[in-house]
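Engineer: Just one file: start03.txt, with compact mmCIF, C-alpha atoms and all ligand atoms.
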```txt
# COMPACT_ATOMS: atom_id res chain seq x y z
CA MET A 1 -12.56 -19.21 11.18
CA ILE A 2 -10.38 -16.59 9.52
CA LYS A 3 -8.21 -14.76 12.05
CA LYS A 4 -5.18 -13.65 10.06
CA CYS A 5 -4.62 -10.92 7.53
CA LEU A 6 -1.52 -10.30 5.46
CA PHE A 7 -0.39 -6.82 4.43
CA PRO A 8 2.24 -6.73 1.69
CA VAL A 9 3.91 -3.40 2.49
CA ALA A 10 7.34 -3.72 0.93
CA GLY A 11 6.68 -1.70 -2.27
CA TYR A 12 8.62 1.45 -3.11
CA GLY A 13 5.82 3.94 -3.77
CA THR A 14 7.67 5.51 -6.68
CA ARG A 15 4.60 7.46 -7.80
CA PHE A 16 4.85 9.50 -4.61
CA LEU A 17 8.54 10.40 -4.78
CA PRO A 18 10.06 12.42 -3.28
CA ALA A 19 7.56 12.03 -0.39
CA THR A 20 8.31 8.31 -0.19
CA LYS A 21 12.08 8.56 -0.38
CA SER A 22 12.62 7.82 3.30
CA MET A 23 9.01 7.28 4.39
CA PRO A 24 6.93 4.20 3.54
CA LYS A 25 4.06 5.00 1.17
CA GLU A 26 1.74 3.13 3.53
CA MET A 27 2.41 5.84 6.13
CA LEU A 28 1.12 8.66 3.92
CA PRO A 29 -1.77 10.18 5.84
CA VAL A 30 -5.27 10.44 4.44
CA VAL A 31 -6.21 13.45 6.57
CA ASN A 32 -4.75 12.40 9.93
CA LYS A 33 -4.42 8.64 9.69
CA PRO A 34 -1.84 6.64 7.72
CA LEU A 35 -3.20 4.55 4.86
CA VAL A 36 -2.11 1.28 6.42
CA GLN A 37 -4.12 1.99 9.58
CA TYR A 38 -7.32 2.24 7.55
CA GLY A 39 -6.59 -1.23 6.17
CA VAL A 40 -5.80 -2.67 9.60
CA GLU A 41 -9.02 -1.19 11.02
CA GLU A 42 -10.96 -2.81 8.17
CA ALA A 43 -9.33 -6.17 8.98
CA ILE A 44 -10.11 -5.86 12.68
CA GLU A 45 -13.73 -5.02 11.89
CA ALA A 46 -13.87 -8.29 9.91
CA GLY A 47 -12.53 -10.21 12.95
CA LEU A 48 -9.03 -10.59 11.46
CA THR A 49 -6.98 -9.49 14.43
CA GLU A 50 -3.68 -11.28 13.74
CA ILE A 51 -1.95 -8.94 11.35
CA GLY A 52 1.05 -10.09 9.32
CA LEU A 53 3.19 -7.41 7.69
CA VAL A 54 5.38 -8.43 4.76
CA THR A 55 7.75 -5.56 4.99
CA GLY A 56 11.12 -4.55 3.59
CA ARG A 57 14.06 -2.22 3.96
CA GLY A 58 13.19 1.33 4.94
CA LYS A 59 9.78 0.34 6.30
CA ARG A 60 10.43 0.41 10.04
CA ALA A 61 8.03 3.30 10.54
CA ILE A 62 5.13 0.91 9.88
CA ALA A 63 6.13 -1.45 12.71
CA ASP A 64 6.74 1.52 15.00
CA HIS A 65 3.31 2.92 14.21
CA PHE A 66 1.69 -0.16 15.72
CA ASP A 67 3.88 -0.10 18.83
CA VAL A 68 3.89 2.11 21.92
CA SER A 69 5.82 5.36 21.67
CA TYR A 70 6.95 5.83 25.27
CA GLU A 71 8.23 9.34 24.89
CA LEU A 72 5.04 10.52 23.25
CA GLU A 73 2.82 8.72 25.76
CA HIS A 74 4.78 10.23 28.62
CA GLN A 75 4.61 13.75 27.21
CA ILE A 76 0.89 13.86 26.59
CA ALA A 77 -0.36 11.63 29.43
CA GLY A 78 -3.20 13.35 31.27
CA THR A 79 -3.52 16.19 28.73
CA SER A 80 -6.37 16.85 26.30
CA LYS A 81 -4.10 15.70 23.45
CA GLU A 82 -4.44 12.09 24.56
CA GLU A 83 -7.64 11.71 22.55
CA PHE A 84 -5.62 12.04 19.32
CA LEU A 85 -4.06 8.68 20.13
CA SER A 86 -7.36 6.91 20.79
CA SER A 87 -7.80 5.29 17.34
CA ILE A 88 -4.29 3.82 17.21
CA ARG A 89 -4.49 2.69 20.86
CA ASP A 90 -7.71 0.91 20.02
CA VAL A 91 -6.04 -0.87 17.07
CA MET A 92 -3.06 -1.90 19.21
CA HIS A 93 -5.38 -3.19 21.90
CA LYS A 94 -7.40 -5.34 19.51
CA ALA A 95 -4.74 -6.72 17.14
CA THR A 96 -1.33 -8.40 17.25
CA PHE A 97 1.38 -7.71 14.68
CA SER A 98 3.99 -10.03 13.21
CA MET A 99 6.53 -9.14 10.59
CA THR A 100 8.64 -10.73 7.98
CA ARG A 101 10.89 -9.06 5.44
CA GLN A 102 10.74 -9.52 1.71
CA GLN A 103 14.35 -9.24 0.61
CA GLU A 104 13.74 -8.79 -3.09
CA MET A 105 10.73 -7.27 -4.86
CA ARG A 106 9.62 -10.14 -7.06
CA GLY A 107 5.92 -9.40 -7.29
CA LEU A 108 2.74 -9.68 -5.24
CA GLY A 109 2.69 -13.48 -5.46
CA ASP A 110 6.20 -13.61 -4.03
CA ALA A 111 5.25 -11.18 -1.23
CA ILE A 112 2.34 -13.44 -0.25
CA LEU A 113 4.63 -16.49 -0.32
CA ASN A 114 7.00 -14.64 2.01
CA GLY A 115 4.14 -14.40 4.51
CA ARG A 116 3.61 -18.17 4.59
CA ARG A 117 5.28 -18.68 7.97
CA LEU A 118 3.08 -15.99 9.50
CA ILE A 119 -0.07 -17.65 8.18
CA GLY A 120 0.51 -21.41 8.38
CA ASP A 121 -2.18 -23.74 7.12
CA GLU A 122 -5.35 -21.68 7.39
CA PRO A 123 -7.42 -19.34 5.21
CA PHE A 124 -6.44 -15.70 5.50
CA GLY A 125 -7.22 -12.20 4.27
CA VAL A 126 -4.97 -9.95 2.19
CA VAL A 127 -5.18 -6.17 2.13
CA LEU A 128 -3.30 -3.97 -0.34
CA SER A 129 -3.42 -0.74 1.59
CA ASP A 130 -3.04 1.42 -1.55
CA ASP A 131 -6.67 0.57 -2.18
CA LEU A 132 -8.60 2.47 0.45
CA CYS A 133 -12.06 0.93 0.76
CA LEU A 134 -14.72 2.76 2.70
CA ASN A 135 -18.15 1.37 3.30
CA SER A 136 -21.06 3.53 2.41
CA GLY A 137 -23.17 4.46 5.41
CA GLU A 138 -23.19 1.97 8.23
CA GLY A 139 -22.67 -1.18 6.12
CA ASP A 140 -19.95 -3.75 6.74
CA GLY A 141 -16.43 -3.12 5.44
CA VAL A 142 -15.29 -4.95 2.31
CA LEU A 143 -13.26 -7.61 4.13
CA SER A 144 -16.13 -8.26 6.47
CA GLN A 145 -18.45 -8.81 3.50
CA MET A 146 -15.89 -11.23 2.03
CA VAL A 147 -15.49 -13.19 5.28
CA GLN A 148 -19.26 -13.71 5.34
CA LEU A 149 -19.10 -15.00 1.77
CA TYR A 150 -16.19 -17.29 2.64
CA LYS A 151 -18.31 -18.94 5.36
CA GLN A 152 -20.78 -19.89 2.65
CA PHE A 153 -18.40 -21.03 -0.13
CA ARG A 154 -15.08 -21.91 1.59
CA CYS A 155 -12.88 -20.93 -1.32
CA SER A 156 -10.59 -18.07 -2.31
CA ILE A 157 -12.35 -14.78 -3.08
CA VAL A 158 -11.16 -11.65 -4.90
CA ALA A 159 -12.88 -8.30 -4.59
CA ILE A 160 -13.90 -6.93 -7.98
CA GLN A 161 -15.23 -3.71 -9.41
CA GLU A 162 -16.31 -2.60 -12.88
CA VAL A 163 -13.78 -0.15 -14.28
CA PRO A 164 -13.82 2.00 -17.42
CA GLU A 165 -11.92 0.74 -20.49
CA ASP A 166 -9.07 3.21 -20.18
CA GLN A 167 -8.32 1.91 -16.67
CA ILE A 168 -8.45 -1.81 -17.33
CA SER A 169 -4.74 -2.33 -18.06
CA LYS A 170 -3.85 -1.22 -14.51
CA PHE A 171 -5.55 -4.23 -12.91
CA GLY A 172 -5.87 -7.95 -12.73
CA VAL A 173 -9.07 -8.70 -14.68
CA ILE A 174 -11.42 -11.66 -14.30
CA ALA A 175 -14.00 -13.43 -16.39
CA GLY A 176 -16.60 -15.46 -14.58
CA GLU A 177 -19.95 -17.17 -14.48
CA LYS A 178 -22.49 -15.31 -12.46
CA LEU A 179 -23.66 -17.41 -9.50
CA LYS A 180 -25.77 -14.75 -7.84
CA ASP A 181 -26.04 -10.99 -7.92
CA GLY A 182 -22.50 -9.69 -7.49
CA ILE A 183 -20.91 -13.15 -7.14
CA PHE A 184 -18.99 -14.77 -10.00
CA GLN A 185 -17.17 -18.08 -10.27
CA VAL A 186 -13.87 -17.16 -11.90
CA THR A 187 -13.17 -18.86 -15.24
CA ASP A 188 -10.31 -16.66 -16.41
CA MET A 189 -7.99 -14.10 -14.93
CA VAL A 190 -5.31 -11.94 -16.56
CA GLU A 191 -2.83 -9.58 -14.91
CA LYS A 192 -2.92 -6.08 -16.41
CA PRO A 193 -4.06 -6.99 -19.93
CA PRO A 194 -4.16 -4.51 -22.80
CA VAL A 195 -7.79 -3.46 -23.14
CA GLU A 196 -8.35 -5.50 -26.31
CA GLU A 197 -7.25 -8.67 -24.49
CA ALA A 198 -9.19 -8.06 -21.27
CA PRO A 199 -11.73 -10.82 -20.62
CA SER A 200 -14.22 -8.34 -19.10
CA ASN A 201 -14.36 -4.98 -17.32
CA LEU A 202 -14.27 -6.62 -13.87
CA ALA A 203 -11.05 -5.54 -12.19
CA ILE A 204 -9.48 -7.04 -9.08
CA ILE A 205 -9.28 -4.65 -6.13
CA GLY A 206 -6.76 -5.11 -3.32
CA ARG A 207 -8.84 -7.33 -1.03
CA TYR A 208 -8.55 -11.11 -1.06
CA ILE A 209 -9.49 -14.13 1.00
CA LEU A 210 -7.07 -16.94 0.17
CA THR A 211 -7.11 -20.61 1.08
CA PRO A 212 -3.66 -21.87 2.16
CA ASP A 213 -3.12 -24.15 -0.86
CA ILE A 214 -2.30 -20.88 -2.66
CA PHE A 215 1.23 -21.02 -1.18
CA GLU A 216 2.17 -24.21 -2.98
CA ILE A 217 0.55 -22.94 -6.16
CA ILE A 218 2.61 -19.72 -5.97
CA GLU A 219 5.78 -21.78 -5.48
CA ASN A 220 5.04 -23.41 -8.82
CA THR A 221 3.98 -20.25 -10.62
CA PRO A 222 6.57 -18.89 -13.09
CA PRO A 223 7.16 -15.15 -13.39
CA GLY A 224 4.43 -13.49 -15.47
CA LYS A 225 3.59 -9.87 -16.30
CA ASN A 226 6.64 -7.60 -15.88
CA GLY A 227 8.76 -10.62 -14.95
CA GLU A 228 7.10 -10.77 -11.52
CA ILE A 229 5.43 -13.65 -9.72
CA GLN A 230 1.80 -12.68 -10.00
CA LEU A 231 -0.87 -13.61 -7.46
CA THR A 232 -3.35 -13.34 -10.34
CA ASP A 233 -1.62 -16.21 -12.19
CA ALA A 234 -1.62 -18.39 -9.06
CA LEU A 235 -5.30 -17.64 -8.50
CA LEU A 236 -6.11 -18.70 -12.05
CA THR A 237 -4.47 -22.08 -11.39
CA GLN A 238 -6.52 -22.35 -8.20
CA ALA A 239 -9.70 -21.38 -10.07
CA LYS A 240 -9.11 -24.07 -12.71
CA ALA A 241 -8.42 -26.76 -10.11
CA GLY A 242 -11.32 -25.83 -7.84
CA CYS A 243 -13.12 -22.61 -7.19
CA VAL A 244 -12.28 -18.93 -6.88
CA LEU A 245 -15.00 -16.32 -6.53
CA GLY A 246 -15.10 -12.74 -7.72
CA TYR A 247 -17.16 -10.54 -5.42
CA LYS A 248 -18.54 -7.15 -6.39
CA PHE A 249 -18.27 -5.47 -3.02
CA LYS A 250 -20.48 -2.76 -1.60
CA GLY A 251 -18.59 0.42 -0.82
CA THR A 252 -16.26 2.98 -2.34
CA ARG A 253 -12.66 2.32 -3.33
CA PHE A 254 -9.98 4.94 -3.79
CA ASP A 255 -6.72 4.23 -5.62
CA CYS A 256 -4.35 5.80 -3.13
CA GLY A 257 -1.40 4.46 -5.12
CA SER A 258 -2.01 7.34 -7.55
CA VAL A 259 -1.88 11.04 -6.75
CA ASP A 260 -5.37 11.67 -8.16
CA GLY A 261 -6.95 8.86 -6.15
CA PHE A 262 -5.09 9.94 -3.04
CA VAL A 263 -6.39 13.51 -3.30
CA GLU A 264 -9.92 12.22 -3.97
CA ALA A 265 -9.71 10.00 -0.87
CA THR A 266 -8.42 12.89 1.20
CA ASN A 267 -11.31 15.13 0.18
CA PHE A 268 -13.82 12.35 0.80
CA VAL A 269 -12.48 11.48 4.25
CA TYR A 270 -12.17 15.13 5.22
CA ASN A 271 -15.74 15.97 4.23
CA ASN A 272 -17.51 12.77 5.22
CA ILE A 273 -15.57 11.34 8.14
CA TYR A 274 -13.27 13.94 9.70
CA LYS A 275 -15.74 16.85 9.54
CA GLY A 276 -18.89 14.78 9.21
C1 LIG A 301 -2.09 -5.53 -7.74
C2 LIG A 301 -2.53 -6.83 -8.42
C3 LIG A 301 -3.65 -6.56 -9.42
C4 LIG A 301 -4.80 -5.83 -8.75
C5 LIG A 301 -4.28 -4.55 -8.05
C6 LIG A 301 -5.37 -3.90 -7.23
O1 LIG A 301 -1.45 -4.73 -8.70
O2 LIG A 301 -1.42 -7.43 -9.03
O3 LIG A 301 -4.11 -7.78 -9.96
O4 LIG A 301 -5.78 -5.51 -9.71
O5 LIG A 301 -3.20 -4.84 -7.17
O6 LIG A 301 -4.96 -2.68 -6.72
P1 LIG A 301 -0.56 -3.43 -8.31
O7 LIG A 301 -1.52 -2.27 -8.29
O8 LIG A 301 0.04 -3.70 -6.96
O9 LIG A 301 0.46 -3.31 -9.39
```
Could you take the file, read its structure, and then write that structure out as structure tokens?
Ligand code: G1P
Structural biologist:
Amino acid sequence: MIKKCLFPVAGYGTRFLPATKSMPKEMLPVVNKPLVQYGVEEAIEAGLTEIGLVTGRGKRAIADHFDVSYELEHQIAGTSKEEFLSSIRDVMHKATFSMTRQQEMRGLGDAILNGRRLIGDEPFGVVLSDDLCLNSGEGDGVLSQMVQLYKQFRCSIVAIQEVPEDQISKFGVIAGEKLKDGIFQVTDMVEKPPVEEAPSNLAIIGRYILTPDIFEIIENTPPGKNGEIQLTDALLTQAKAGCVLGYKFKGTRFDCGSVDGFVEATNFVYNNIYKG
């Protein structure tokens, strides 16, 4: 079954400068927890406990976050402050972390290809931690829902969401044949199309289950939108050769790659999780 999850975390986070000048954007806290930890917790909940980080220069803080901090542990051992470390200790106890470095930013497809050695020849999850996904109520997290779907269909799956027209050009967009409520077989996929060329209003959100043949497909995928190697293009090839599903997940997604989305997420987490 699926055990591994890849986190491409090499991006610059330019929209958050100057905050992200020397700090990885994935370490920005939503209330008191860094974004990337939310993603890792979602992966662990789905049973994906072998975490692969595709990281880059200036991103050491992420690896350190998932390691023991001796000085800190020593200072607060036996005090009431220890409870503040409980969530990260729990994550470190349940998951293992491997890292590889992406030396050049050549797109999401290239980042995934960089993680090949960490994954090997098995299906795996991908989390883009900019997209913070929170499940409503007590339901399963998004990745967990997708793992259950994978068990049924055994093919790559992308999380999708309907987005308004003025947002569509920020996403990969799919077209598909509806198989069941909320499940589409992908027939077309375009990375960040202008609205008039978008095949639908179903946008790809940063959660994927990928079968390992994707690596070879990416190797043979030429640069696309913005001159980058796009995972969306590779997935379209995979969809045409076999099957890729689009899954309308249950839950709420915040675009924490934008300041507005980040503030929205912060308010939501503060009111519903931190205080709630
Ligand atoms: C990436 C993908 C895009 C997807 C988006 C979801 O774009 O390339 O297809 O819709 O994530 O957040 P990015 O936002 O990293 O430019």
Engineer: Using all atoms listed in the file, which residues sit within 12 Å of Phe171 of chain A once same-chain residues fewer than 4 positions away are excluded, as a ChimeraX atom specification?
Structural biologist: /A:131,159-167,189-195,198-206,225,230-232,255
Engineer: Give me the residues within 7 Å of Glu50 of chain A as a PyMOL selection string, counting all atoms listed in the file and dropping any in the same chain fewer than 6 places off.
Structural biologist: chain A and resi 3-5+95-97
Engineer: Since we have the selection now, will you write its residues out, keeping C-alpha atoms, as a CSV table (one decimal), in the frame of the given file?
Structural biologist:
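The new file selection38.csv reads:
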```
chain,number,residue,atom,x,y,z
A,3,LYS,CA,-8.2,-14.8,12.0
A,4,LYS,CA,-5.2,-13.6,10.1
A,5,CYS,CA,-4.6,-10.9,7.5
A,95,ALA,CA,-4.7,-6.7,17.1
A,96,THR,CA,-1.3,-8.4,17.2
A,97,PHE,CA,1.4,-7.7,14.7
```
Engineer: Neighbours of Ile214 of chain A within 12 Å (all atoms listed in the file; same-chain residues fewer than 5 positions away dropped), as a compact mmCIF listing (two decimals) with C-alpha atoms, in the coordinates of the input?
Structural biologist:
```txt
# COMPACT_ATOMS: atom_id res chain seq x y z
CA GLY A 109 2.69 -13.48 -5.46
CA ASP A 110 6.20 -13.61 -4.03
CA ILE A 112 2.34 -13.44 -0.25
CA LEU A 113 4.63 -16.49 -0.32
CA GLY A 115 4.14 -14.40 4.51
CA ARG A 116 3.61 -18.17 4.59
CA ILE A 119 -0.07 -17.65 8.18
CA GLY A 120 0.51 -21.41 8.38
CA ASP A 121 -2.18 -23.74 7.12
CA GLU A 122 -5.35 -21.68 7.39
CA PRO A 123 -7.42 -19.34 5.21
CA PHE A 124 -6.44 -15.70 5.50
CA CYS A 155 -12.88 -20.93 -1.32
CA SER A 156 -10.59 -18.07 -2.31
CA ILE A 157 -12.35 -14.78 -3.08
CA TYR A 208 -8.55 -11.11 -1.06
CA ILE A 209 -9.49 -14.13 1.00
CA GLU A 219 5.78 -21.78 -5.48
CA ASN A 220 5.04 -23.41 -8.82
CA THR A 221 3.98 -20.25 -10.62
CA GLN A 230 1.80 -12.68 -10.00
CA LEU A 231 -0.87 -13.61 -7.46
CA THR A 232 -3.35 -13.34 -10.34
CA ASP A 233 -1.62 -16.21 -12.19
CA ALA A 234 -1.62 -18.39 -9.06
CA LEU A 235 -5.30 -17.64 -8.50
CA LEU A 236 -6.11 -18.70 -12.05
CA THR A 237 -4.47 -22.08 -11.39
CA GLN A 238 -6.52 -22.35 -8.20
CA ALA A 239 -9.70 -21.38 -10.07
CA ALA A 241 -8.42 -26.76 -10.11
CA GLY A 242 -11.32 -25.83 -7.84
CA CYS A 243 -13.12 -22.61 -7.19
CA VAL A 244 -12.28 -18.93 -6.88
```
Engineer: Would you mind telling me which residue in A:Val68, A:Val30, A:Leu85, A:Val127 lies nearest to ligand LIG 301 (chain A) when using all atoms listed in the file?
Structural biologist: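 Closest to ligand LIG 301 (chain A), using all atoms listed in the file: A:Val127.
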Engineer: For each of A:Ser169, A:Asn271, A:Gln75, A:Thr187, take the minimum atom-to-atom distance to ligand LIG 301 (chain A), counting all atoms listed in the file, then give the residue where this is smallest.
Structural biologist: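 That would be A:Ser169, the residue with the smallest distance to ligand LIG 301 (chain A).
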Engineer: Between atom CA of Gln145 of chain A and atom C6 of ligand LIG 301 (chain A), what is the spacing in Å?
Structural biologist: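 Computing the Euclidean distance for atom C6 of ligand LIG 301 (chain A) and atom CA of Gln145 of chain A yields 17.6 Å.
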Engineer: For segment 33-37 of chain A, work out the shell of residues within 10 Å, counting all atoms listed in the file and skipping chain neighbours fewer than 2 positions away, then give it as a ChimeraX atom specification.
Structural biologist: /A:7,9,24-31,39-43,62,65-66,87-88,91,127-132,256,262
Engineer: Those residues you just picked out, can you put them in a file as an mmCIF file, in the frame of the given file with C-alpha atoms?
Structural biologist:
```cif
data_model
loop_
_atom_site.group_PDB
_atom_site.id
_atom_site.type_symbol
_atom_site.label_atom_id
_atom_site.label_comp_id
_atom_site.auth_asym_id
_atom_site.auth_seq_id
_atom_site.Cartn_x
_atom_site.Cartn_y
_atom_site.Cartn_z
ATOM 1 C CA PHE A 7 -0.390 -6.820 4.430
ATOM 2 C CA VAL A 9 3.910 -3.400 2.490
ATOM 3 C CA PRO A 24 6.930 4.200 3.540
ATOM 4 C CA LYS A 25 4.060 5.000 1.170
ATOM 5 C CA GLU A 26 1.740 3.130 3.530
ATOM 6 C CA MET A 27 2.410 5.840 6.130
ATOM 7 C CA LEU A 28 1.120 8.660 3.920
ATOM 8 C CA PRO A 29 -1.770 10.180 5.840
ATOM 9 C CA VAL A 30 -5.270 10.440 4.440
ATOM 10 C CA VAL A 31 -6.210 13.450 6.570
ATOM 11 C CA GLY A 39 -6.590 -1.230 6.170
ATOM 12 C CA VAL A 40 -5.800 -2.670 9.600
ATOM 13 C CA GLU A 41 -9.020 -1.190 11.020
ATOM 14 C CA GLU A 42 -10.960 -2.810 8.170
ATOM 15 C CA ALA A 43 -9.330 -6.170 8.980
ATOM 16 C CA ILE A 62 5.130 0.910 9.880
ATOM 17 C CA HIS A 65 3.310 2.920 14.210
ATOM 18 C CA PHE A 66 1.690 -0.160 15.720
ATOM 19 C CA SER A 87 -7.800 5.290 17.340
ATOM 20 C CA ILE A 88 -4.290 3.820 17.210
ATOM 21 C CA VAL A 91 -6.040 -0.870 17.070
ATOM 22 C CA VAL A 127 -5.180 -6.170 2.130
ATOM 23 C CA LEU A 128 -3.300 -3.970 -0.340
ATOM 24 C CA SER A 129 -3.420 -0.740 1.590
ATOM 25 C CA ASP A 130 -3.040 1.420 -1.550
ATOM 26 C CA ASP A 131 -6.670 0.570 -2.180
ATOM 27 C CA LEU A 132 -8.600 2.470 0.450
ATOM 28 C CA CYS A 256 -4.350 5.800 -3.130
ATOM 29 C CA PHE A 262 -5.090 9.940 -3.040
#
```
Engineer: What is the atom CA of Ile183 of chain A-atom CA of Glu196 of chain A distance in Å, reported with one decimal?
Structural biologist: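 Atom CA of Glu196 of chain A lies at a distance of 24.2 Å from atom CA of Ile183 of chain A.
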Engineer: Suppose you want the space between atom CA of Asn135 of chain A and atom CA of Lys250 of chain A; what is it in Å?
Structural biologist: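 Result for atom CA of Asn135 of chain A versus atom CA of Lys250 of chain A: 6.8 Å, one decimal.
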Engineer: Mind giving me the axis-aligned box for ligand LIG 301 (chain A) with 6 Å on every side, centre plus edges in Å to one decimal, as JSON?
Structural biologist:
```
{"center_x": -2.7, "center_y": -5.0, "center_z": -8.3, "size_x": 18.2, "size_y": 17.5, "size_z": 15.2}
```
Engineer: From the set A:Leu72, A:Val126, A:Leu179, A:Met23, which residue has the shortest atom-to-atom contact distance to ligand LIG 301 (chain A), counting only C-alpha atoms and all ligand atoms?
Structural biologist: A:Val126
